[in-house]
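Here's the structure, in structure tokens; my notes come after.
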Amino acid sequence: MSFSSLNDIEAAAFERDGYIVVKNMVPAQRFGELRTIATDHLSQLIAPIEFEVDVGYPGAPVDVSSPGADTLRRLLQAFARDEAFRLWALDPEVKRILACLLQTEEDLSVSQCHHNCIMTKAPGFSSATLWHQDSRYWAFDYENLVSVWLALGKEDKTNGCLRVIPGSHKLEPDSGRFDAAMFLRPDLSENKSLIEQAITVELNPGDVLFFHSRLFHAAGRNLSDETKLSVVFTYHQTSNKPIKNTRSARFPSIVM
Ligand SMILES: O=C(O)CCC(=O)C(=O)O
């Protein structure tokens, strides 16, 4: 799919599946620049940073004295880090596609709360992310947000690319199917049969995945010898407000 051809068919695919991939959306020079800045911030440990040990996901070092405890997970606050990230977050083509996917002519905003990051997945001590909906992090008037995931390098099974369950954004599983951290419980047969429907989202650098905040997704560990880097921002209609005093309201959203 080319972004210049995004049309009613792609919008219908998003409505049906909860995600679309726009191939080659970002040219090499631009994703190369973003990658250089991200790599520089990683090597200089420019805060705020989340470490694998902070998330405590499967495979993460268990505490700060464990081997690999200095493994990075996310460079947080991407919007504030550099003009190049801000320009990408507010890119007019991103806005046009989001308006089409959300089927809205309203103003759109980018959240500065969770996501708004450079996701990193390092070889060695990276963790796996279990099946979840991003709505576990969010508290908005409506669970109708879209995340935009730009691959800065190749993403495939070997380095822990995303897996998604097409159409799962429409499901309303009972609370008992989740654990306390709002991950799907893998021991339940109804969850097992849902997870069997998953597909792997392999991306080339410059490809962009748009996915709904209710879409179930997961990712494996990075078994390659290179760090995986992706820029992720999340968007909402400006009239869809974060609930006061929640994590979603910690920082103001930016109108596109
Ligand atoms: O790259 C991963 O492990 C998945 C990250 C993710 O799904 C999330 O942070 O919501």
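Chain identifiers are assigned as A, B, and so on, following the order in which chains appear in the structure tokens; residues are numbered from 1 within each chain, and ligands are numbered from 1 in order of appearance.
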Got a sec: who's within 6 Å of Leu150 of chain A, counting only C-alpha atoms, leaving out chain neighbours fewer than 3 positions off, as number ranges by chain? A: 208, 230-231
File of the preceding selection, N, CA and C atoms, as an mmCIF file, in the first residue's frame:
```
data_model
loop_
_atom_site.group_PDB
_atom_site.id
_atom_site.type_symbol
_atom_site.label_atom_id
_atom_site.label_comp_id
_atom_site.auth_asym_id
_atom_site.auth_seq_id
_atom_site.Cartn_x
_atom_site.Cartn_y
_atom_site.Cartn_z
ATOM 1 N N VAL A 208 5.107 2.298 8.210
ATOM 2 C CA VAL A 208 4.385 2.827 9.368
ATOM 3 C C VAL A 208 3.144 1.976 9.636
ATOM 4 N N SER A 230 11.950 2.086 17.137
ATOM 5 C CA SER A 230 10.717 2.506 16.477
ATOM 6 C C SER A 230 10.221 3.763 17.187
ATOM 7 N N VAL A 231 9.672 4.715 16.415
ATOM 8 C CA VAL A 231 9.104 5.933 17.009
ATOM 9 C C VAL A 231 7.591 5.725 17.107
#
```
Spatial neighbours of Leu130 of chain A, max dist 10 Å, only C-alpha atoms, sep filter under 4 positions, as a PyMOL selection string: chain A and resi 57-58+182-186+216-220
Ligand 1 neighbours within 10 Å using only C-alpha atoms and all ligand atoms, as number ranges by chain: A: 55, 57, 73-74, 114-115, 117, 119-121, 126-137, 147, 155, 159-164, 213, 216-222, 228-230, 232
Put those residues in a file: N, CA and C atoms, as a compact mmCIF listing (two decimals), in the first residue's frame.
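Okay, this is what ended up in result.txt:
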```txt
# COMPACT_ATOMS: atom_id res chain seq x y z
N VAL A 55 10.01 -2.29 33.65
CA VAL A 55 8.74 -2.86 33.19
C VAL A 55 8.49 -4.24 33.80
N TYR A 57 8.73 -7.17 32.52
CA TYR A 57 8.07 -8.12 31.63
C TYR A 57 8.89 -9.41 31.54
N ARG A 73 14.68 0.37 27.58
CA ARG A 73 13.44 -0.09 26.97
C ARG A 73 12.80 1.01 26.11
N ARG A 74 12.69 2.23 26.67
CA ARG A 74 12.10 3.33 25.91
C ARG A 74 12.80 4.64 26.21
N HIS A 114 1.81 8.27 27.78
CA HIS A 114 2.44 7.01 27.37
C HIS A 114 2.39 6.79 25.86
N HIS A 115 3.37 6.10 25.32
CA HIS A 115 3.84 6.17 23.95
C HIS A 115 4.44 7.58 23.88
N CYS A 117 7.20 8.03 22.44
CA CYS A 117 8.50 7.48 22.83
C CYS A 117 9.23 6.89 21.63
N MET A 119 10.60 3.42 21.08
CA MET A 119 10.67 2.06 21.63
C MET A 119 12.01 1.47 21.23
N THR A 120 12.73 0.96 22.18
CA THR A 120 13.97 0.28 21.83
C THR A 120 13.85 -1.17 22.28
N LYS A 121 14.48 -2.04 21.55
CA LYS A 121 14.55 -3.43 22.02
C LYS A 121 15.97 -3.88 21.78
N SER A 126 16.45 -8.00 26.50
CA SER A 126 15.13 -7.41 26.24
C SER A 126 14.05 -8.39 26.68
N SER A 127 12.86 -7.83 26.92
CA SER A 127 11.77 -8.67 27.41
C SER A 127 10.72 -8.86 26.32
N ALA A 128 9.79 -9.79 26.57
CA ALA A 128 8.64 -9.97 25.69
C ALA A 128 7.46 -9.19 26.27
N THR A 129 6.59 -8.70 25.40
CA THR A 129 5.39 -8.01 25.86
C THR A 129 4.21 -8.94 25.63
N LEU A 130 3.47 -9.22 26.68
CA LEU A 130 2.34 -10.17 26.56
C LEU A 130 1.15 -9.49 25.87
N TRP A 131 0.10 -10.28 25.59
CA TRP A 131 -1.05 -9.79 24.82
C TRP A 131 -1.83 -8.76 25.62
N HIS A 132 -2.02 -7.62 25.01
CA HIS A 132 -2.74 -6.53 25.69
C HIS A 132 -3.35 -5.58 24.68
N GLN A 133 -4.23 -4.73 25.17
CA GLN A 133 -4.74 -3.59 24.41
C GLN A 133 -4.08 -2.36 25.03
N ASP A 134 -3.73 -1.36 24.21
CA ASP A 134 -3.11 -0.17 24.80
C ASP A 134 -4.10 0.60 25.65
N SER A 135 -5.38 0.28 25.52
CA SER A 135 -6.35 0.97 26.38
C SER A 135 -6.08 0.64 27.86
N ARG A 136 -5.22 -0.37 28.14
CA ARG A 136 -4.84 -0.61 29.53
C ARG A 136 -4.08 0.58 30.11
N TYR A 137 -3.42 1.37 29.25
CA TYR A 137 -2.65 2.50 29.75
C TYR A 137 -3.48 3.78 29.80
N SER A 147 -2.44 4.57 17.46
CA SER A 147 -0.99 4.70 17.60
C SER A 147 -0.34 4.58 16.23
N GLU A 155 11.99 -4.78 11.20
CA GLU A 155 11.35 -5.42 12.35
C GLU A 155 10.77 -6.76 11.89
N ASN A 159 13.87 -9.99 15.82
CA ASN A 159 14.17 -8.88 16.74
C ASN A 159 12.95 -8.40 17.52
N GLY A 160 11.92 -9.25 17.58
CA GLY A 160 10.79 -8.95 18.47
C GLY A 160 9.77 -7.99 17.89
N CYS A 161 9.43 -8.19 16.62
CA CYS A 161 8.41 -7.31 16.00
C CYS A 161 7.05 -7.54 16.66
N LEU A 162 6.13 -6.64 16.34
CA LEU A 162 4.78 -6.76 16.91
C LEU A 162 4.02 -7.91 16.26
N ARG A 163 3.14 -8.50 17.05
CA ARG A 163 2.13 -9.44 16.53
C ARG A 163 0.78 -8.84 16.89
N VAL A 164 -0.20 -8.99 16.01
CA VAL A 164 -1.52 -8.42 16.27
C VAL A 164 -2.59 -9.47 15.99
N SER A 213 -6.24 1.64 19.59
CA SER A 213 -5.83 1.41 20.99
C SER A 213 -6.51 0.18 21.62
N PHE A 216 -5.61 -6.01 20.20
CA PHE A 216 -4.70 -6.86 21.00
C PHE A 216 -3.40 -7.04 20.23
N HIS A 217 -2.29 -6.81 20.94
CA HIS A 217 -0.99 -7.00 20.31
C HIS A 217 0.02 -7.48 21.36
N ALA A 218 1.12 -8.01 20.86
CA ALA A 218 2.18 -8.54 21.73
C ALA A 218 3.47 -8.47 20.94
N ALA A 219 4.58 -8.76 21.58
CA ALA A 219 5.87 -8.76 20.87
C ALA A 219 6.84 -9.67 21.60
N GLY A 220 7.77 -10.23 20.83
CA GLY A 220 8.76 -11.13 21.43
C GLY A 220 10.03 -10.38 21.84
N ARG A 221 11.01 -11.16 22.23
CA ARG A 221 12.31 -10.59 22.61
C ARG A 221 13.16 -10.34 21.38
N ASN A 222 14.19 -9.54 21.53
CA ASN A 222 15.11 -9.29 20.42
C ASN A 222 16.22 -10.33 20.48
N LYS A 228 16.65 -2.73 18.14
CA LYS A 228 15.51 -2.34 17.29
C LYS A 228 14.99 -0.99 17.80
N LEU A 229 14.69 -0.10 16.87
CA LEU A 229 14.22 1.25 17.24
C LEU A 229 12.96 1.60 16.46
N SER A 230 11.95 2.09 17.14
CA SER A 230 10.72 2.51 16.48
C SER A 230 10.22 3.76 17.19
N VAL A 232 7.03 5.96 18.30
CA VAL A 232 5.59 5.70 18.48
C VAL A 232 4.91 6.90 19.12
```
Using DSSP on the backbone coordinates, identify all residues within segment 98-224 of chain A classified as strand (DSSP E or B); present the result as a ChimeraX atom specification. /A:108-110,117-121,129-132,140,146-151,155,162-164,178,184,199-200,203,208-212,217-219
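Minimum distance to Gly206 of chain A across A:Leu108, A:Gly153, A:Leu102, A:Ala47 (counting only C-alpha atoms) occurs at A:Gly153.
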Can you work out which one of A:Leu76, A:Val148, A:Leu45, A:Leu223 has the shortest atom-to-atom distance to Glu93 of chain A, counting only C-alpha atoms?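 Selected residue with least distance to Glu93 of chain A: A:Val148.
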Run DSSP on the backbone of this structure and report the residues of segment 32-131 of chain A it assigns to alpha helix (DSSP H), as number ranges by chain. A: 32-43, 52-55, 78-81, 83-89, 92-101
Using only C-alpha atoms, which protein or nucleic acid residues come within 10 Å of Ser253 of chain A? Drop anything in the same chain fewer than 6 positions from it, and give the result as a PyMOL selection string. chain A and resi 108-113+234-236+238+241-242
Would you save the residues of that selection, restricted to C-alpha atoms, as a PDB file, in the first residue's frame?
```pdb
ATOM      1  CA  LEU A 108      -6.676  15.769  16.056  1.00  0.00           C
ATOM      2  CA  SER A 109      -4.147  15.825  18.879  1.00  0.00           C
ATOM      3  CA  VAL A 110      -1.019  13.881  19.725  1.00  0.00           C
ATOM      4  CA  SER A 111      -0.720  12.696  23.312  1.00  0.00           C
ATOM      5  CA  GLN A 112       2.424  13.487  25.266  1.00  0.00           C
ATOM      6  CA  CYS A 113       1.644  10.721  27.777  1.00  0.00           C
ATOM      7  CA  THR A 234      -0.659   8.131  19.872  1.00  0.00           C
ATOM      8  CA  TYR A 235      -3.451  10.363  18.591  1.00  0.00           C
ATOM      9  CA  HIS A 236      -7.017  11.206  19.496  1.00  0.00           C
ATOM     10  CA  THR A 238      -9.159  16.779  20.361  1.00  0.00           C
ATOM     11  CA  LYS A 241     -10.384  14.319  26.486  1.00  0.00           C
ATOM     12  CA  PRO A 242      -8.148  12.489  28.950  1.00  0.00           C
TER      13      PRO A 242
END
```
Can you tell me which residues surround Leu171 of chain A at a distance of at most 10 Å, considering only C-alpha atoms, apart from same-chain residues fewer than 2 positions away, and format the answer as a tab-separated table (two decimals) with C-alpha atoms, in the first residue's frame?
```tsv
chain	number	residue	atom	x	y	z
A	167	GLY	CA	-10.33	-7.56	14.33
A	168	SER	CA	-9.69	-7.89	18.06
A	169	HIS	CA	-10.28	-4.15	18.62
A	173	PRO	CA	-13.60	-9.84	26.72
A	174	ASP	CA	-14.83	-10.35	30.28
A	214	ARG	CA	-8.19	-1.58	21.51
A	215	LEU	CA	-6.28	-3.91	19.17
A	216	PHE	CA	-4.70	-6.86	21.00
```
Which is closer to Gln77 of chain A than all the others in A:Gly18, A:Pro92, A:Pro48, A:Gly59, using only C-alpha atoms? A:Pro48
So which one's closest to Leu90 of chain A, A:Glu10, A:Phe233, A:Asp17, A:Ile199? Using only C-alpha atoms, please.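 Going through A:Glu10, A:Phe233, A:Asp17, A:Ile199 one by one, the smallest distance to Leu90 of chain A is for A:Phe233.
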Can you tell me which residues surround Val62 of chain A at a distance of at most 7 Å, considering only C-alpha atoms, apart from same-chain residues fewer than 3 positions away, and format the answer as a list in words?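 Contacts, with the query itself left out: Val53, Gly56 and Ser66 of chain A.
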Between atom CA of Glu83 of chain A and atom CA of Glu33 of chain A, what is the distance in Å, rounded to a tenth?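 Separating atom CA of Glu83 of chain A from atom CA of Glu33 of chain A is a distance of 11.1 Å.
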